[in-house]
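Containing mmCIF, C-alpha atoms: model-v1.cif.
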data_coords
#
loop_
_atom_site.label_atom_id
_atom_site.label_comp_id
_atom_site.auth_asym_id
_atom_site.auth_seq_id
_atom_site.Cartn_x
_atom_site.Cartn_y
_atom_site.Cartn_z
CA ARG A 120 71.26 162.04 208.21
CA PRO A 121 69.32 165.26 207.61
CA ARG A 122 71.50 168.29 208.31
CA ALA A 123 70.27 170.13 211.39
CA LEU A 124 69.00 173.68 211.24
CA ASP A 125 71.68 176.02 212.58
CA ALA A 126 69.43 178.35 214.57
CA VAL A 127 68.92 179.18 218.22
CA GLY A 128 66.27 176.87 219.70
CA ALA A 129 66.15 174.45 216.75
CA GLU A 130 67.75 171.46 218.46
CA GLU A 131 65.64 171.84 221.62
CA ARG A 132 62.46 171.93 219.54
CA LYS A 133 63.30 168.99 217.27
CA GLY A 134 60.13 166.90 217.06
CA ARG A 135 58.23 169.62 218.90
CA GLY A 136 57.73 172.16 216.16
CA VAL A 137 60.93 171.56 214.18
CA HIS A 138 60.67 168.59 211.83
CA TYR A 139 62.73 166.89 209.14
CA CYS A 140 59.95 164.91 207.42
CA ALA A 141 56.79 166.52 206.07
CA THR A 142 55.36 163.15 205.07
CA CYS A 143 55.77 161.95 208.66
CA ASP A 144 54.63 165.05 210.55
CA GLY A 145 52.75 167.29 208.12
CA ALA A 146 49.24 166.12 209.04
CA MET A 147 49.73 167.55 212.54
CA TYR A 148 49.55 171.01 211.00
CA GLU A 149 46.02 170.86 209.58
CA GLY A 150 44.82 174.46 209.18
CA ALA A 151 48.10 176.01 210.40
CA ASP A 152 50.81 178.17 208.87
CA VAL A 153 54.18 176.43 208.49
CA VAL A 154 57.67 177.16 207.22
CA VAL A 155 59.87 175.05 204.95
CA VAL A 156 63.58 175.86 205.09
CA GLY A 157 65.66 175.01 202.02
CA GLY A 158 65.93 175.57 198.29
CA GLY A 159 66.49 172.17 196.72
CA SER A 160 64.04 169.72 195.23
CA ALA A 161 63.22 168.10 198.57
CA ALA A 162 62.26 171.45 200.13
CA ILE A 163 60.08 172.50 197.21
CA GLU A 164 58.37 169.09 196.86
CA GLU A 165 57.64 168.94 200.59
CA ALA A 166 56.31 172.50 200.61
CA VAL A 167 53.81 171.56 197.90
CA PHE A 168 52.92 168.39 199.84
CA LEU A 169 52.31 170.40 203.03
CA THR A 170 49.64 172.50 201.28
CA ARG A 171 47.38 169.43 201.61
CA PHE A 172 47.21 170.19 205.34
CA ALA A 173 48.52 173.66 206.12
CA ASP A 174 46.63 176.87 205.40
CA HIS A 175 49.86 178.50 204.26
CA VAL A 176 53.47 177.44 203.62
CA THR A 177 56.37 179.88 203.54
CA ILE A 178 59.56 178.65 201.88
CA VAL A 179 62.67 180.29 203.37
CA HIS A 180 65.87 180.02 201.33
CA ARG A 181 69.29 181.54 202.02
CA ARG A 182 70.00 182.35 198.39
CA ASP A 183 68.20 184.29 195.69
CA GLY A 184 68.08 181.28 193.34
CA PHE A 185 66.87 177.75 193.95
CA ARG A 186 68.55 174.40 193.18
CA ALA A 187 65.22 172.65 192.62
CA ALA A 188 64.05 171.66 189.15
CA GLN A 189 62.18 174.36 187.25
CA ILE A 190 59.01 172.25 187.01
CA GLU A 191 58.97 171.94 190.81
CA LEU A 192 59.51 175.66 191.27
CA ASP A 193 56.74 176.47 188.79
CA GLU A 194 54.31 174.23 190.70
CA ALA A 195 55.21 175.92 193.99
CA ARG A 196 55.00 179.44 192.55
CA GLU A 197 51.58 178.72 191.06
CA ASN A 198 50.25 177.44 194.39
CA GLU A 199 48.35 180.25 196.14
CA LYS A 200 49.09 178.67 199.53
CA ILE A 201 52.88 179.11 199.09
CA THR A 202 55.04 182.19 199.62
CA MET A 203 58.79 182.28 199.00
CA LYS A 204 61.25 184.35 200.99
CA THR A 205 64.75 184.38 199.52
CA ASN A 206 68.08 185.65 200.86
CA LYS A 207 66.90 184.80 204.36
CA VAL A 208 68.00 182.36 207.04
CA VAL A 209 66.27 181.24 210.22
CA LYS A 210 68.15 182.87 213.08
CA GLU A 211 65.95 181.61 215.91
CA VAL A 212 63.03 179.26 216.53
CA VAL A 213 60.67 180.59 219.21
CA ARG A 214 58.38 178.24 221.10
CA GLY A 215 55.12 179.47 222.54
CA GLU A 216 53.41 177.91 225.54
CA PHE A 217 52.51 174.65 223.77
CA VAL A 218 53.50 174.94 220.11
CA LEU A 219 55.98 176.78 217.96
CA LYS A 220 55.17 180.48 217.95
CA GLU A 221 57.44 182.01 215.34
CA VAL A 222 60.78 181.99 213.60
CA ILE A 223 63.07 184.98 213.44
CA LEU A 224 64.48 185.44 209.96
CA LYS A 225 67.63 187.34 209.07
CA ASP A 226 68.18 188.81 205.62
CA VAL A 227 71.64 187.69 204.44
CA VAL A 228 72.05 190.82 202.29
CA THR A 229 70.79 193.62 204.55
CA GLY A 230 71.05 191.98 207.98
CA GLU A 231 67.48 193.03 208.75
CA GLU A 232 65.44 190.71 210.94
CA GLU A 233 61.82 189.72 210.49
CA ILE A 234 59.44 187.81 212.74
CA LEU A 235 57.41 185.17 210.93
CA PRO A 236 54.57 183.58 212.94
CA THR A 237 54.42 179.81 212.35
CA ALA A 238 53.19 176.65 214.03
CA GLY A 239 55.88 174.39 212.56
CA ALA A 240 59.16 174.37 210.65
CA PHE A 241 60.24 171.67 208.21
CA ILE A 242 63.95 171.59 207.50
CA TYR A 243 65.51 170.56 204.16
CA VAL A 244 69.02 172.02 204.21
CA GLY A 245 70.87 168.94 203.00
CA ASN A 246 72.19 165.73 204.45
CA ASP A 247 75.35 164.71 206.24
CA PRO A 248 76.85 161.40 205.09
CA GLN A 249 77.50 158.86 207.81
CA THR A 250 81.09 158.04 206.87
CA GLN A 251 82.84 158.56 210.21
CA MET A 252 83.75 154.85 210.46
CA VAL A 253 86.07 155.10 207.44
CA GLN A 254 87.50 158.56 208.09
CA GLY A 255 91.27 158.48 207.70
CA GLN A 256 91.11 155.16 205.82
CA ILE A 257 89.33 156.12 202.61
CA GLU A 258 89.45 159.48 200.81
CA LEU A 259 86.51 161.75 201.61
CA ASP A 260 85.52 164.93 199.80
CA GLU A 261 85.05 168.26 201.62
CA GLN A 262 81.46 167.35 202.56
CA GLY A 263 82.46 163.95 203.94
CA TYR A 264 81.31 161.77 201.01
CA LEU A 265 83.41 158.80 199.89
CA VAL A 266 85.42 159.62 196.78
CA ALA A 267 84.69 156.90 194.24
CA SER A 268 84.37 156.68 190.49
CA GLU A 269 81.23 155.68 188.60
CA ASP A 270 82.35 152.06 188.87
CA THR A 271 82.12 152.57 192.68
CA LYS A 272 85.85 151.92 193.17
CA THR A 273 87.73 153.95 195.76
CA LYS A 274 91.52 154.42 195.73
CA VAL A 275 91.79 151.56 198.24
CA PRO A 276 91.99 148.26 196.31
CA GLY A 277 88.95 146.08 196.93
CA VAL A 278 86.92 148.82 198.64
CA LEU A 279 83.80 149.97 196.82
CA ALA A 280 81.44 152.80 197.75
CA ALA A 281 77.77 152.36 196.92
CA GLY A 282 74.73 154.45 197.76
CA ASP A 283 74.25 157.95 199.05
CA VAL A 284 77.64 158.06 200.81
CA ARG A 285 79.44 158.16 197.44
CA THR A 286 80.36 161.37 195.61
CA LYS A 287 77.80 161.87 192.85
CA ALA A 288 75.42 164.43 191.41
CA VAL A 289 72.11 162.74 192.28
CA ARG A 290 71.26 160.97 195.53
CA GLN A 291 68.06 158.98 195.17
CA VAL A 292 66.95 155.42 195.79
CA ALA A 293 67.36 154.63 192.08
CA THR A 294 70.98 155.76 192.00
CA ALA A 295 71.79 154.03 195.29
CA THR A 296 70.43 150.71 194.06
CA SER A 297 72.29 151.17 190.78
CA ASP A 298 75.50 151.67 192.76
CA GLY A 299 74.80 148.40 194.55
CA ALA A 300 74.35 146.56 191.28
CA VAL A 301 77.55 148.05 189.85
CA ALA A 302 79.51 147.23 193.00
CA ALA A 303 78.21 143.66 193.00
#

Represent the structure of the file as structure tokens.
Amino acid sequence: RPRALDAVGAEERKGRGVHYCATCDGAMYEGADVVVVGGGSAAIEEAVFLTRFADHVTIVHRRDGFRAAQIELDEARENEKITMKTNKVVKEVVRGEFVLKEVILKDVVTGEEEILPTAGAFIYVGNDPQTQMVQGQIELDEQGYLVASEDTKTKVPGVLAAGDVRTKAVRQVATATSDGAVAA
């Protein structure tokens, strides 16, 4: 499940200005300014995708450096419709009368706040594994992923972990289906 944005007003505005899928909701922002929150590959790829519709996309990332691949970052940096703001987090999401009005950013280094007008916010701050049903039965790492080796075996005999709930470096459809094949 996509990790929720930890900001005042974000949960109340989910689906009404705060979104977790640019492919699903990006076309609603034709000619608007939007924000993408995150610094990984998904955030950068979706920011570039949103430039098909939005007039401008601002990427907000809590760190100075990005986790995305260099080729993705280069494409985003070369796109004149994209601006990057680093060392900033979204503190609050402010709704206008009918649409999102702005986000309030906080600089994680200086503590200074900045108001950024925007019609929509797209959130890519990670995912939370849905492993609650096995909690206390199978070892989980600190993020809640099932601890399993590359052969998908957990420490519980006969229990295998396949897909994006397993501890691994890359979580994509290709690796999830490979896990399934290995487990089978």

**Q.** Residue contacts of Thr205 in chain A (7 Å, all atoms listed in the file) excluding same-chain residues fewer than 4 positions away, as a list in words
**A.**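 The contact residues come out as Val179, His180, Arg181, Arg182 and Asp183 of chain A.
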
**Q.** the PyMOL selection byres ((chain A and resi 218-234) around 8) resolved against shown file, as a VMD selection string
**A.** chain A and resid 135 to 136 181 206 to 217 235 to 239

Q: For range 277-291 of chain A, please output as a VMD selection string all residues within 9 Å (counting all atoms listed in the file; exclusion window: fewer than 2 positions along the same chain).
A: chain A and resid 247 to 250 257 259 to 260 263 to 275 293 to 302

Q | the PyMOL selection byres ((chain A and resi 174) around 6) applied to the shown file, residues as a PyMOL selection string | A | chain A and resi 150-152+173+175

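CA of Val244 in chain A is found 19.7 Å from CA of Arg196 in chain A.
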
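If you apply the PyMOL selection byres ((chain A and resi 137) around 10) to this structure, you end up with Ala123, Leu124, Gly128, Ala129, Glu130, Glu131, Arg132, Lys133, Gly134, Arg135, Gly136, His138, Tyr139, Cys140, Asp144, Val154, Val155, Val212, Arg214, Leu219, Ala238, Gly239, Ala240, Phe241 and Ile242 of chain A.
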
Q | Pick from A:Ala141, A:Tyr148, A:Val156, A:Ala126, whichever lies nearest to Tyr243 in chain A using all atoms listed in the file | A |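 For Tyr243 in chain A, the nearest of the candidates is A:Val156.
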
Q) So how far away is CA of Arg120 in chain A from CA of Val167 in chain A, in Å? A)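 So the answer is 22.4 Å.
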
**Q.** Pick from A:Glu258, A:Asp125, A:Glu199, A:Glu165 nearest to Ala187 in chain A, counting all atoms listed in the file
**A.**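 Nearest candidate to Ala187 in chain A out of A:Glu258, A:Asp125, A:Glu199, A:Glu165: A:Glu165.
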
Q | Atomic separation - CA of Pro276 in chain A relative to CA of Gln251 in chain A, Å | A | 19.6 Å

Q: Would you please work out which residue, of A:Met252, A:Thr202, A:Cys143, A:Gly157, is nearest to Thr170 in chain A when using all atoms listed in the file?
A: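 Smallest separation from Thr170 in chain A among the options: A:Thr202.
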
Box along x, y and z, 4 Å on every side, all listed atoms of range 166-169 of chain A inside: centre and edge lengths in Å to one decimal, as JSON.
{"center_x": 54.3, "center_y": 170.4, "center_z": 200.5, "size_x": 12.0, "size_y": 12.1, "size_z": 13.1}

(Q) Quick one: residues within 10 Å of Asp193 in chain A, all atoms listed in the file, excluding same-chain residues fewer than 5 positions away - as a PyMOL selection string? (A) chain A and resi 163+188+198
